[in-house]
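Q: One file is attached below, model28.txt, containing compact mmCIF, C-alpha atoms.
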```txt
# COMPACT_ATOMS: atom_id res chain seq x y z
CA MET A 815 -11.99 38.44 149.02
CA LYS A 816 -10.51 41.92 149.54
CA LYS A 817 -9.53 42.04 145.89
CA VAL A 818 -13.09 41.28 144.78
CA SER A 819 -14.55 43.94 147.05
CA LYS A 820 -12.06 46.49 145.66
CA TYR A 821 -13.19 45.70 142.12
CA ILE A 822 -16.85 45.96 143.10
CA PHE A 823 -16.20 49.26 144.86
CA THR A 824 -14.31 50.60 141.82
CA ILE A 825 -17.09 49.60 139.43
CA CYS A 826 -19.73 51.15 141.69
CA LEU A 827 -17.69 54.32 141.96
CA LEU A 828 -17.32 54.53 138.17
CA LEU A 829 -21.03 53.98 137.62
CA PHE A 830 -21.91 56.54 140.28
CA SER A 831 -19.58 59.17 138.82
CA ALA A 832 -20.80 58.43 135.29
CA SER A 833 -24.39 59.07 136.32
CA PHE A 834 -23.47 62.61 137.37
CA ALA A 835 -21.54 63.28 134.17
CA GLN A 836 -24.55 62.54 131.95
CA SER A 837 -25.72 66.15 131.79
CA GLN A 838 -22.25 67.30 130.68
CA ARG A 839 -21.90 64.82 127.83
CA TYR A 840 -23.65 66.99 125.23
CA THR A 841 -23.11 70.48 123.91
CA LYS A 842 -25.94 71.78 121.73
CA GLY A 843 -27.15 68.19 121.36
CA ALA A 844 -23.80 66.88 120.10
CA GLU A 845 -21.56 64.53 122.05
CA ASN A 846 -18.53 66.31 123.47
CA GLY A 847 -15.24 65.55 125.23
CA TYR A 848 -17.03 64.17 128.29
CA SER A 849 -18.67 61.57 126.04
CA TRP A 850 -15.33 60.88 124.36
CA SER A 851 -13.67 60.32 127.72
CA ALA A 852 -16.49 58.02 128.79
CA MET A 853 -15.71 55.85 125.76
CA SER A 854 -12.35 54.98 127.33
CA ASN A 855 -12.34 51.63 129.02
CA PRO A 856 -11.05 52.13 132.59
CA LEU A 857 -10.26 48.45 132.97
CA GLY A 858 -7.90 48.47 130.01
CA ILE A 859 -9.92 45.88 128.10
CA TYR A 860 -9.77 46.35 124.32
CA ASP A 861 -12.68 48.49 123.23
CA ASP A 862 -13.68 49.86 119.82
CA SER A 863 -16.00 52.66 121.01
CA LYS A 864 -13.87 55.56 119.80
CA TYR A 865 -13.06 53.84 116.52
CA ASN A 866 -16.72 53.08 115.87
CA TYR A 867 -17.64 56.67 116.67
CA LEU A 868 -15.04 58.01 114.23
CA SER A 869 -16.11 55.63 111.49
CA GLU A 870 -19.57 57.23 111.65
CA ILE A 871 -18.33 60.80 112.11
CA LEU A 872 -19.44 62.10 108.70
CA GLU A 873 -23.01 60.98 109.33
CA ARG A 874 -22.92 62.72 112.71
CA TYR A 875 -21.55 65.84 111.02
CA LYS A 876 -24.42 65.79 108.53
CA LEU A 877 -26.92 65.66 111.38
CA LEU A 878 -25.20 68.53 113.22
CA LYS A 879 -25.25 70.67 110.06
CA GLN A 880 -28.99 70.01 109.66
CA SER A 881 -29.64 71.12 113.23
CA PHE A 882 -27.24 74.09 113.09
CA PRO A 883 -26.72 75.35 109.52
CA GLU A 884 -24.54 78.14 110.89
CA VAL A 885 -21.76 75.63 111.71
CA GLU A 886 -20.85 75.17 108.04
CA HIS A 887 -17.87 77.52 108.43
CA LEU A 888 -16.70 75.48 111.44
CA GLY A 889 -16.37 72.34 109.35
CA CYS A 890 -13.31 70.89 107.70
CA GLY A 891 -14.56 69.81 104.28
CA ASP A 892 -11.99 71.90 102.41
CA GLU A 893 -9.15 70.48 104.44
CA LEU A 894 -10.43 66.93 103.95
CA ASN A 895 -10.57 67.50 100.19
CA ASP A 896 -7.03 68.91 100.24
CA LEU A 897 -5.77 65.84 102.11
CA LEU A 898 -7.56 63.54 99.65
CA LYS A 899 -6.21 65.36 96.57
CA SER A 900 -2.65 65.37 97.88
CA GLY A 901 -2.77 61.68 98.79
CA GLU A 902 -1.90 62.53 102.40
CA SER A 903 -5.13 60.96 103.63
CA ASP A 904 -3.61 57.53 102.92
CA ASN A 905 -1.13 58.19 105.72
CA ILE A 906 -3.79 58.96 108.35
CA SER A 907 -5.10 56.09 110.43
CA LEU A 908 -7.96 55.87 112.89
CA ASP A 909 -5.30 55.30 115.56
CA ASP A 910 -3.77 58.68 114.67
CA MET A 911 -7.16 60.38 114.90
CA VAL A 912 -8.03 58.74 118.23
CA ARG A 913 -4.67 59.75 119.70
CA GLY A 914 -5.05 63.30 118.38
CA ILE A 915 -8.56 63.70 119.78
CA ASP A 916 -7.42 62.20 123.09
CA MET A 917 -4.67 64.85 123.22
CA PHE A 918 -7.17 67.58 122.30
CA TYR A 919 -9.38 66.59 125.23
CA ASN A 920 -6.44 66.43 127.64
CA LEU A 921 -7.04 70.17 127.99
CA THR A 922 -9.95 70.52 130.38
CA GLU A 923 -11.24 73.65 128.65
CA ASN A 924 -11.79 71.58 125.48
CA LEU A 925 -14.10 69.01 127.10
CA ALA A 926 -17.29 70.94 126.26
CA ILE A 927 -16.36 71.07 122.57
CA PRO A 928 -18.35 68.55 120.47
CA ILE A 929 -16.34 65.64 119.13
CA ILE A 930 -17.00 66.61 115.52
CA PHE A 931 -15.10 69.86 116.09
CA ALA A 932 -12.23 68.04 117.82
CA TYR A 933 -12.12 65.83 114.72
CA CYS A 934 -12.07 68.89 112.44
CA TYR A 935 -9.33 70.43 114.59
CA GLN A 936 -7.23 67.32 113.94
CA ILE A 937 -8.00 67.39 110.21
CA LYS A 938 -7.01 71.06 110.02
CA GLU A 939 -3.79 70.29 111.89
CA LEU A 940 -2.96 67.40 109.54
CA ALA A 941 -3.72 69.63 106.55
CA GLY A 942 -1.04 72.04 107.73
CA ALA A 943 -2.97 74.79 109.52
CA SER A 944 -0.74 77.08 111.57
CA GLN A 945 -0.97 77.22 115.35
CA ASP A 946 -2.63 80.65 115.05
CA GLU A 947 -5.25 79.24 112.65
CA LEU A 948 -5.90 76.33 114.99
CA ASN A 949 -6.23 78.66 118.00
CA ASN A 950 -8.65 80.89 116.08
CA TYR A 951 -10.69 77.85 115.01
CA ARG A 952 -10.84 76.63 118.61
CA LYS A 953 -11.99 80.09 119.79
CA GLU A 954 -14.74 80.18 117.13
CA VAL A 955 -15.93 76.73 118.18
CA ILE A 956 -15.98 77.73 121.86
CA ALA A 957 -17.95 80.89 120.98
CA PHE A 958 -20.46 78.75 119.06
CA CYS A 959 -20.77 76.34 122.00
CA ASN A 960 -21.40 79.21 124.43
CA GLU A 961 -24.11 80.90 122.32
```
Would you kindly transcribe this structure into structure tokens?
A:
Amino acid sequence: MKKVSKYIFTICLLLFSASFAQSQRYTKGAENGYSWSAMSNPLGIYDDSKYNYLSEILERYKLLKQSFPEVEHLGCGDELNDLLKSGESDNISLDDMVRGIDMFYNLTENLAIPIIFAYCYQIKELAGASQDELNNYRKEVIAFCNE
């Protein structure tokens, strides 16, 4: 009986904390690291949420560009094309992208960054961007988010 009450308490606690996080889950109308973290299944049950999100990422990017045309320079289309032309894209799996985005959001200061930009950060990294280039990209994204 104690075990059941612990599970019920844990579920209630998670639901309660998630209700307060709702307002943080979007930056400029786009889902951010708080949303990404919420996609993790705390019970360890297999869940496809992050994979499904990434499989629709280009559609989400299109919508973001329509809402904010000024984000075009924050995209990663050139890097994606470079990876496709070089054949390197064949070596990138959704598992790699999920792990990379998870690592990106391990830094608390990155949580407000929309997922599409965390995705582009990973693409730029895989395309061979230097650490300085990645840091500059991250700073530009943060500046955009804070406008």
Q: Mind listing as a list in words all residues within 9 Å of (-16.5, 59.5, 125.1), counting all atoms listed in the file?
A: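 Within 9 Å of (-16.5, 59.5, 125.1), the protein and nucleic acid residues are Arg839, Glu845, Asn846, Gly847, Tyr848, Ser849, Trp850, Ser851, Ala852, Met853, Ser854, Ser863, Lys864, Tyr867 and Ile929 of chain A.
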Q: Between A:Glu947, A:Leu868, A:Asp916, A:Cys934, single out the one closest to A:Glu886, counting all atoms listed in the file.
A: A:Cys934
Q: One decimal, in Å: what's the spacing between atom CA of A:Asp910 and atom CA of A:Ser881?
A: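 Answer for the atom CA of A:Asp910 to atom CA of A:Ser881 separation: 28.7 Å.
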Q: Within 7 Å of (-13.3, 73.9, 117.6) (coordinates as in the file), grab all the protein and nucleic acid residues, counting only C-alpha atoms, and write them out as a PyMOL selection string.
A: chain A and resi 927+931-932+935+951-956
Q: Determine, counting only C-alpha atoms, which protein, DNA and RNA residues have an atom within 12 Å of an atom of A:Asp904; residues of the same chain fewer than 6 positions away are not included. Present the result as a compact mmCIF listing (two decimals) with C-alpha atoms, in the frame of the given file.
A:
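Writing done, so here's around_6.txt:
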```
# COMPACT_ATOMS: atom_id res chain seq x y z
CA LEU A 894 -10.43 66.93 103.95
CA LEU A 897 -5.77 65.84 102.11
CA LEU A 898 -7.56 63.54 99.65
CA ASP A 910 -3.77 58.68 114.67
CA LEU A 940 -2.96 67.40 109.54
```
Q: Return the single residue from A:Leu921, A:Glu961, A:Glu893, A:Val912 that is closest to A:Asp862, with distances computed using all atoms listed in the file.
A: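 The shortest atom-to-atom distance to A:Asp862 comes from A:Val912.
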Q: Go through A:Leu908, A:His887, A:Ala941, A:Ile915 and flag the residue nearest A:Ser869, using only C-alpha atoms for the distances.
A: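 Closest to A:Ser869 of all the choices is A:Leu908.
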Q: Could you jot down the atom CA of A:Glu902 to atom CA of A:Ala926 separation for me, Å, one decimal place?
A: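 Result for atom CA of A:Glu902 versus atom CA of A:Ala926: 29.6 Å, one decimal.
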Q: Rounded to one decimal place, report the atom CA of A:Ser944-atom CA of A:Asp892 distance in Å.
A: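 Separating atom CA of A:Ser944 from atom CA of A:Asp892 is a distance of 15.4 Å.
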